[in-house]
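Asker: Starting off with a structure, shown below.
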Amino acid sequence: MGSAVYADQTRAINARAVEFDFATVPMHYIPGEAMATHIINVMHLVLPEGERAMAQALAEALPLIDDERLREEVRGFIGQESMHASSHEKAREQLERLGLDVGPMVENVSWLVDRILGDHGLTGRAKREWLCERLALFAGMEHYTAVIGEWLLTNDTLEAKGMHPAMLDLIRWHGAEEVEHRSVVYDAYMHVDGGYARKARQALIASAGLLVLFVVSGGYLFHKDPSQHKGRFWPLQLAGASLRGVVPSFTTFITEIPRYLRPGFHPSQLGPMDHALRYLAQSPAARAASA
């Protein structure tokens with residue numbers, strides 16, 4: 001691991017205590033945007049399962065990492081992802097109280113993630129190769145979560161639409177930490193393996209997988225939404241929300257591929273993390289936990 005990679009990544013990665021109050025969150029917490037709300041819901045209900053698998057893979061990689069600074073960053077990353085999962089679980093509980101039946105979907109996603117992305121009990125060289133494949137996949141996924149995280153921090157549309165402040169704080173806090181730890185999985189992969197062909201292959205899988213995950217899961221949640229005023233034909237709602245900037249553009253999963261696959265790319269090149277650090281310093285949930 002070259003020292004230049006760390007030159008722009010000087011912050012320690014640590015889990016933060018946060019406290020959200022979801023008691024007044026309505027079913028459609030982005031007013032008048034049922035489908036956009038459910039796209040955001042995918043972050044609460046589906047992505048935490050992937051983050052759990054990611055943390056497991058990084059824990060497996062720790063014995064292979066002899067750079068103490070990177071080891072500290074990996075441990076901090078695992079702590080942050082654990083906090084993400086517990087915070088989103090509370091949001092899920094509120095949605096279930098409102099009548100959104102998400103249990104079967106979450107259970108199916110959990111089973112699928114374990115079935116596909118678990119360690120499979122492998123040993124020896126096969127275990128090492130499969131770990132490298134997972135790290136490459138997760139590094140690609142983290143590129144998109146960092147890009148979306150920056151979008152959440154700089155996009156004013158959600159606030160202008162009157163999104164419930166607790167949910168807005170939740171996704172911006174999560175997005176800010178995604179930006180903050182954007183380099184960790186990538187650096188872990190480059191340290192343990194670093195092969196370009198594997199990185200490229202898994203980046204394409206990550207891009208296609210996340211796109212399908214958001215669209216299919218969002219459509220499922222729209223179907224399960226018991227509200228009488230949710231509207232009809234969710235694909236049209238989704239296209240409209242994307243065009244109006246209420247959700248990130250789904251072309252992101254295509255347009256980011258050339259940047260990620262450029263030789264010499266490193267996540268620190270995504271730009272300064274000023275927006276993320278400022279938000280983490282002023283997040284209402286972080287302030288509530290420290291009060």
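Chain labels run A, B, ... following the order of the structure tokens; each chain numbers its residues from 1, and ligands are numbered from 1 in the order shown.
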Do you know which residues are at most 6 Å from Gly149 in chain A counting only C-alpha atoms, after dropping those on the same chain fewer than 4 positions away, and could you put them as a PyMOL selection string?
Answerer: chain A and resi 145+175-176
Asker: Might you pull out every residue within 9 Å of Arg182 in chain A, with only C-alpha atoms counted and same-chain residues fewer than 3 positions away left off, and present them as a PDB file with N, CA, C and O atoms, in the first residue's frame?
Answerer:
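Below is the file that was written, out08.pdb:
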```pdb
ATOM      1  N   ALA A 139     -16.030  -3.100  -3.150  1.00  0.00           N
ATOM      2  CA  ALA A 139     -15.348  -1.849  -3.499  1.00  0.00           C
ATOM      3  C   ALA A 139     -16.118  -1.110  -4.593  1.00  0.00           C
ATOM      4  O   ALA A 139     -16.269   0.115  -4.548  1.00  0.00           O
ATOM      5  N   GLU A 142     -19.273   0.364  -3.045  1.00  0.00           N
ATOM      6  CA  GLU A 142     -18.978   1.537  -2.216  1.00  0.00           C
ATOM      7  C   GLU A 142     -18.722   2.781  -3.061  1.00  0.00           C
ATOM      8  O   GLU A 142     -18.933   3.899  -2.605  1.00  0.00           O
ATOM      9  N   HIS A 143     -18.262   2.587  -4.293  1.00  0.00           N
ATOM     10  CA  HIS A 143     -18.109   3.746  -5.177  1.00  0.00           C
ATOM     11  C   HIS A 143     -19.466   4.418  -5.409  1.00  0.00           C
ATOM     12  O   HIS A 143     -19.593   5.644  -5.320  1.00  0.00           O
ATOM     13  N   THR A 145     -22.223   4.105  -3.498  1.00  0.00           N
ATOM     14  CA  THR A 145     -22.796   4.671  -2.277  1.00  0.00           C
ATOM     15  C   THR A 145     -22.128   6.005  -1.940  1.00  0.00           C
ATOM     16  O   THR A 145     -22.779   6.906  -1.407  1.00  0.00           O
ATOM     17  N   ALA A 146     -20.845   6.152  -2.277  1.00  0.00           N
ATOM     18  CA  ALA A 146     -20.173   7.431  -2.040  1.00  0.00           C
ATOM     19  C   ALA A 146     -20.713   8.512  -2.975  1.00  0.00           C
ATOM     20  O   ALA A 146     -20.945   9.653  -2.555  1.00  0.00           O
ATOM     21  N   GLU A 177     -21.351   9.541   6.005  1.00  0.00           N
ATOM     22  CA  GLU A 177     -20.382   8.535   6.422  1.00  0.00           C
ATOM     23  C   GLU A 177     -19.925   7.670   5.252  1.00  0.00           C
ATOM     24  O   GLU A 177     -18.780   7.199   5.239  1.00  0.00           O
ATOM     25  N   GLU A 178     -20.802   7.479   4.260  1.00  0.00           N
ATOM     26  CA  GLU A 178     -20.379   6.762   3.057  1.00  0.00           C
ATOM     27  C   GLU A 178     -19.276   7.541   2.337  1.00  0.00           C
ATOM     28  O   GLU A 178     -18.319   6.957   1.816  1.00  0.00           O
ATOM     29  N   VAL A 179     -19.409   8.856   2.300  1.00  0.00           N
ATOM     30  CA  VAL A 179     -18.370   9.683   1.692  1.00  0.00           C
ATOM     31  C   VAL A 179     -17.097   9.620   2.533  1.00  0.00           C
ATOM     32  O   VAL A 179     -15.986   9.489   2.006  1.00  0.00           O
ATOM     33  N   VAL A 185     -12.869   0.174   1.664  1.00  0.00           N
ATOM     34  CA  VAL A 185     -12.994  -1.140   1.024  1.00  0.00           C
ATOM     35  C   VAL A 185     -12.090  -1.215  -0.204  1.00  0.00           C
ATOM     36  O   VAL A 185     -11.466  -2.254  -0.463  1.00  0.00           O
ATOM     37  N   TYR A 186     -12.003  -0.121  -0.933  1.00  0.00           N
ATOM     38  CA  TYR A 186     -11.118  -0.093  -2.104  1.00  0.00           C
ATOM     39  C   TYR A 186      -9.674  -0.340  -1.690  1.00  0.00           C
ATOM     40  O   TYR A 186      -8.968  -1.157  -2.298  1.00  0.00           O
ATOM     41  N   PRO A 267     -10.575   6.358  -4.852  1.00  0.00           N
ATOM     42  CA  PRO A 267     -11.770   7.077  -4.379  1.00  0.00           C
ATOM     43  C   PRO A 267     -11.518   8.488  -3.877  1.00  0.00           C
ATOM     44  O   PRO A 267     -12.420   9.325  -3.910  1.00  0.00           O
ATOM     45  N   SER A 268     -10.309   8.786  -3.433  1.00  0.00           N
ATOM     46  CA  SER A 268     -10.007  10.147  -2.983  1.00  0.00           C
ATOM     47  C   SER A 268     -10.143  11.151  -4.115  1.00  0.00           C
ATOM     48  O   SER A 268     -10.303  12.353  -3.877  1.00  0.00           O
TER      49      SER A 268
END
```
Asker: Hey, which of A:Ala126, A:Thr255, A:Leu112, A:Thr154 ends up closest to Met273 in chain A? Count only C-alpha atoms.
Answerer: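 Answer, going by the shortest atom-to-atom distance: A:Thr154.
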Asker: Excluding Leu221 in chain A and its own-chain neighbours fewer than 5 positions away, which residues fall within 12 Å of it when counting only C-alpha atoms? Please give them as a VMD selection string.
Answerer: chain A and resid 27 to 28 34 to 46 95 to 96 99 to 106 213 to 216 226 to 227 230 234
Asker: Between A:Glu60, A:Glu51, A:Glu129, A:Asp225, which has the minimum distance to Gln80 in chain A (counting only C-alpha atoms)?
Answerer: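 Using only C-alpha atoms, the shortest distance to Gln80 in chain A belongs to A:Glu51.
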Asker: Range 71-134 of chain A near range 195-202 of chain A within 12 Å: what's each residue's closest atom pair and its distance in Å to one decimal, counting only C-alpha atoms, ordered by chain then ascending residue number, as a tab-separated table?
Answerer:
```
residue	atom	partner	partner_atom	distance
A:Glu129	CA	A:Arg198	CA	10.4
A:Trp130	CA	A:Arg198	CA	11.1
A:Leu131	CA	A:Arg198	CA	11.7
A:Cys132	CA	A:Arg198	CA	8.3
A:Glu133	CA	A:Arg198	CA	6.9
A:Arg134	CA	A:Gln202	CA	8.3
```
Asker: List every residue of range 69-221 of chain A that DSSP, applied to the backbone of this structure, places in alpha helix (DSSP H), and write the result as an NGL selection string.
Answerer: :A and (69-97 or 103-117 or 124-154 or 157-160 or 165-180 or 184-192 or 196-221)
Asker: What gap, in Å, lies between CA of Tyr189 in chain A and CA of Val18 in chain A?
Answerer: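 Calculated distance between CA of Tyr189 in chain A and CA of Val18 in chain A is 29.2 Å.
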Asker: Select, from A:Val25, A:Leu135, A:Leu62, A:Ile171, the residue with the minimum atom-to-atom distance to Ala276 in chain A, counting only C-alpha atoms.
Answerer: A:Ile171
Asker: Tell me which of A:Asn14, A:Glu33, A:Ser283, A:Val74 sits closest to Leu238 in chain A, counting only C-alpha atoms.
Answerer: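 Checking each of A:Asn14, A:Glu33, A:Ser283, A:Val74 against Leu238 in chain A, counting only C-alpha atoms, the winner is A:Glu33.
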Asker: In Å to one decimal, how far is CA of Ser217 in chain A from CA of Pro165 in chain A?
Answerer: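 Interatomic distance here is 23.7 Å.
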